[in-house]
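Report on one structure; see the data block that follows.
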Amino acid sequence: PKRIFSGMQPTGRLHLGNYLGALKNWVAMQDEDESERIYCVVDMHAVTMPHDAKALPDAVRRVTAAYLAAGLDPEKNVIFAQSAVPAHAELAWILNCVARLGWAERMTQFKDKGGKDRERVSVGLLTYPVLMAADILVYKATHVPVGDDQKQHLELCRDVAARFNRDFGDGEAVFPITEPLIQGPGARIMSLRDGTAKMSKSDPSDNSRINLEDDADTIARKIKKAKTDPEPLPDSIDGLDGRPEASNLVGIFAALTGGSKASVLAEYGGQGFGAFKPALAEVAVEYLAPISDEYRRLIAEPAEIDRILKKGAERARAVAEPVIAEAKAAIGFWG
Ligand code: ATP
Ligand code: MG
């Protein structure tokens, strides 16, 4: 059977990249009969970088509200906060002793977020992908729908599972070799300020991203200010080579309208950004308005969100408990 797992960090407001790269695909899969689907708000990952402890519980509620506003149904999917299921931390310790230091040090996210000064970086940032492997494997998830930036972490998860199976599996596979699901033209949305950097919650510039909760004026202003080059749009996708900002805006248009970059250029090729940007703003506003309306309604009901998270955590614990027991027995723990 197919078991799907994914998650997002409560490190800021969800943006168009999170939506098009991951959340939209989660919603699209929720009526599948053959799969079980588990989605987490990964607050344990969010403390790997400096964070505001007092604001974290509300940040979890906000990400949950965004999941729900995007259409994720808490009956059809298990929705919960990572820290409410202790098995994630228990398996992470075991897998920290299975993963090799060199694997973790090679991760580009660690190098990007950690910078040069190792004295200032938490050990947790280094072992972030091992905790992520534990998140996935504690449910024996077979498929993980994520954006393109998580590909390398998924490879590490597969390596960890294979090594655990080889060293402790006693001839049998304890963990599955999980498949990434990285799909569609939204798999890698770039910053509006820099076409070579991905759109991120943690980018200090709010103008670098379109948040799911931005109102129409904010969306229009951010798109108007988005970095571009002076050339008109090309007629075909080859003409986007070496034009990362133009390529990104055309890609966003394509993802929002269900088209391809080629079909967008067939319509807008030859036009300047003075014409294209307002068209893109209109498409984005129309697309996001129902999501942001629903988000505002939900965020005013924190008790309802907490109820959903609590029920989700119970369901998640029931799936994880036999798996963590199996992993502990396999590695030789007394308890
Ligand atoms: P942070 O800056 O705190 O790491 P983030 O924006 O990278 O935040 P995450 O919580 O790390 O968001 O990732 C949540 C999901 O969104 C993952 O599946 C990730 O691959 C996806 N994602 C993040 N950024 C993008 C993007 N720019 N384009 C497509 N998918 C993205
Ligand atoms: Mg990230």
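Every chain in the structure tokens takes a letter, A first, then B, and so on in the order presented; its residues are numbered from 1, and the ligands are numbered from 1 following the presented order.
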So that I can see what lies close to Ala318 (chain A), please list as JSON, numbers by chain the residues with an atom at most 12 Å from it, counting only C-alpha atoms and leaving out residues fewer than 6 positions away in the same chain. {"A": [78, 85, 86, 87, 138, 139, 311, 312, 324, 325]}
Let me have all residues with an atom within 12 Å of ligand 2, counting only C-alpha atoms and all ligand atoms, laid out as a compact mmCIF listing (two decimals) with C-alpha atoms, in the first residue's frame.
# COMPACT_ATOMS: atom_id res chain seq x y z
CA GLY A 7 5.60 18.42 6.11
CA MET A 8 6.43 22.12 6.29
CA GLN A 9 8.32 24.16 8.83
CA PRO A 10 6.53 26.82 10.91
CA THR A 11 9.32 29.28 10.12
CA GLY A 12 7.11 31.97 8.56
CA LEU A 14 3.53 29.87 3.58
CA HIS A 15 4.23 31.22 0.11
CA GLY A 17 6.54 28.10 -3.69
CA ASN A 18 5.32 25.97 -0.75
CA GLY A 21 5.79 22.85 -5.05
CA ALA A 22 4.04 20.74 -2.42
CA VAL A 42 7.56 20.22 11.59
CA HIS A 45 12.84 21.32 12.46
CA ALA A 46 11.97 24.96 13.05
CA THR A 48 17.32 24.21 14.26
CA MET A 49 17.72 27.92 13.47
CA THR A 108 23.60 21.99 0.38
CA GLN A 109 20.84 23.22 2.74
CA PHE A 110 23.27 22.86 5.67
CA ASP A 112 23.45 27.51 2.68
CA LYS A 113 21.74 28.02 6.05
CA LEU A 125 20.94 22.09 11.68
CA TYR A 128 18.13 18.20 10.14
CA PRO A 129 18.00 15.71 7.23
CA MET A 132 13.55 14.37 8.27
CA VAL A 146 8.04 17.89 -1.85
CA GLY A 147 9.63 20.70 -3.86
CA ASP A 148 12.81 20.21 -5.85
CA ASP A 149 14.97 21.67 -3.06
CA GLN A 150 14.29 18.59 -0.90
CA LYS A 151 15.62 16.07 -3.43
CA HIS A 153 17.45 15.18 1.67
CA ARG A 188 11.01 25.14 -7.96
CA ALA A 197 17.62 31.89 -5.27
CA LYS A 198 14.56 29.85 -4.36
CA MET A 199 11.52 31.55 -2.83
CA SER A 200 11.77 30.92 0.95
CA LYS A 201 9.84 31.63 4.13
CA SER A 202 13.04 32.53 5.86
CA ASP A 203 14.18 35.11 3.25
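These are the residues of region 85-245 of chain A assigned strand (DSSP E or B) by DSSP from backbone coordinates: His143, Val144, Pro145, Glu179, Pro180, Leu181, Met190, Lys198 and Asn211 of chain A.
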Just the selected residues (N, CA and C atoms), exported as a PDB file, in the first residue's frame, please.
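Result file out.pdb:
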ATOM      1  N   HIS A 143       6.058   7.321  -0.249  1.00  0.00           N
ATOM      2  CA  HIS A 143       6.141   8.447  -1.182  1.00  0.00           C
ATOM      3  C   HIS A 143       6.135   9.773  -0.416  1.00  0.00           C
ATOM      4  N   VAL A 144       6.975  10.709  -0.869  1.00  0.00           N
ATOM      5  CA  VAL A 144       7.071  12.001  -0.195  1.00  0.00           C
ATOM      6  C   VAL A 144       6.958  13.136  -1.217  1.00  0.00           C
ATOM      7  N   PRO A 145       5.798  13.807  -1.275  1.00  0.00           N
ATOM      8  CA  PRO A 145       5.636  14.925  -2.207  1.00  0.00           C
ATOM      9  C   PRO A 145       6.256  16.214  -1.646  1.00  0.00           C
ATOM     10  N   GLU A 179      10.212   6.894  -2.192  1.00  0.00           N
ATOM     11  CA  GLU A 179      10.293   7.620  -3.465  1.00  0.00           C
ATOM     12  C   GLU A 179       9.918   9.090  -3.283  1.00  0.00           C
ATOM     13  N   PRO A 180      10.724  10.012  -3.784  1.00  0.00           N
ATOM     14  CA  PRO A 180      10.274  11.416  -3.809  1.00  0.00           C
ATOM     15  C   PRO A 180       9.231  11.622  -4.896  1.00  0.00           C
ATOM     16  N   LEU A 181       8.256  12.496  -4.645  1.00  0.00           N
ATOM     17  CA  LEU A 181       7.315  12.913  -5.693  1.00  0.00           C
ATOM     18  C   LEU A 181       7.553  14.404  -5.913  1.00  0.00           C
ATOM     19  N   MET A 190      11.222  30.527  -7.819  1.00  0.00           N
ATOM     20  CA  MET A 190      12.358  31.334  -7.380  1.00  0.00           C
ATOM     21  C   MET A 190      11.896  32.643  -6.730  1.00  0.00           C
ATOM     22  N   LYS A 198      15.939  30.312  -4.443  1.00  0.00           N
ATOM     23  CA  LYS A 198      14.557  29.845  -4.356  1.00  0.00           C
ATOM     24  C   LYS A 198      13.732  30.755  -3.450  1.00  0.00           C
ATOM     25  N   ASN A 211       2.933  35.552  -0.388  1.00  0.00           N
ATOM     26  CA  ASN A 211       2.397  34.704   0.684  1.00  0.00           C
ATOM     27  C   ASN A 211       0.955  34.316   0.355  1.00  0.00           C
TER      28      ASN A 211
END
Shell around Thr228 (chain A) at 12 Å using only C-alpha atoms, local window under 3 positions removed, as a list of chain:residue names: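 Returned residues: A:Ser191, A:Leu192, A:Arg193, A:Asp194, A:Gly195, A:Ile223, A:Lys224, A:Lys225, A:Glu231, A:Pro232, A:Leu233, A:Leu240, A:Gly242, A:Arg243, A:Pro244, A:Glu245, A:Ala246, A:Ser247, A:Asn248, A:Leu249, A:Val250, A:Gly272, A:Phe273, A:Gly274, A:Phe276, A:Lys277.
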Write out as a list in words which residues come within 10 Å of Ala281 (chain A) when counting only C-alpha atoms, dropping same-chain ones fewer than 5 positions away.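 Selected residues are Ala216, Asp217, Thr218, Ile219, Ala220, Arg221, Lys222, Ile223, Lys224, Phe253, Phe276, Glu286 and Tyr287 of chain A.
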Kindly save the residues from that selection, with C-alpha atoms included, as a compact mmCIF listing (two decimals), in the first residue's frame.
# COMPACT_ATOMS: atom_id res chain seq x y z
CA ALA A 216 -4.75 41.72 -3.75
CA ASP A 217 -2.89 45.05 -3.43
CA THR A 218 0.12 43.41 -1.82
CA ILE A 219 0.32 40.74 -4.53
CA ALA A 220 0.06 43.36 -7.30
CA ARG A 221 2.72 45.55 -5.67
CA LYS A 222 5.16 42.66 -5.16
CA ILE A 223 4.81 41.50 -8.77
CA LYS A 224 5.22 45.06 -10.05
CA PHE A 253 2.00 32.05 -14.67
CA PHE A 276 2.91 40.80 -18.57
CA GLU A 286 -7.77 35.42 -8.60
CA TYR A 287 -6.10 32.14 -7.71
Using only C-alpha atoms and all ligand atoms, which of A:Asn77, A:Gln271, A:Gln152, A:Thr178 sits nearest ligand 1?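 Closest candidate: A:Gln152.
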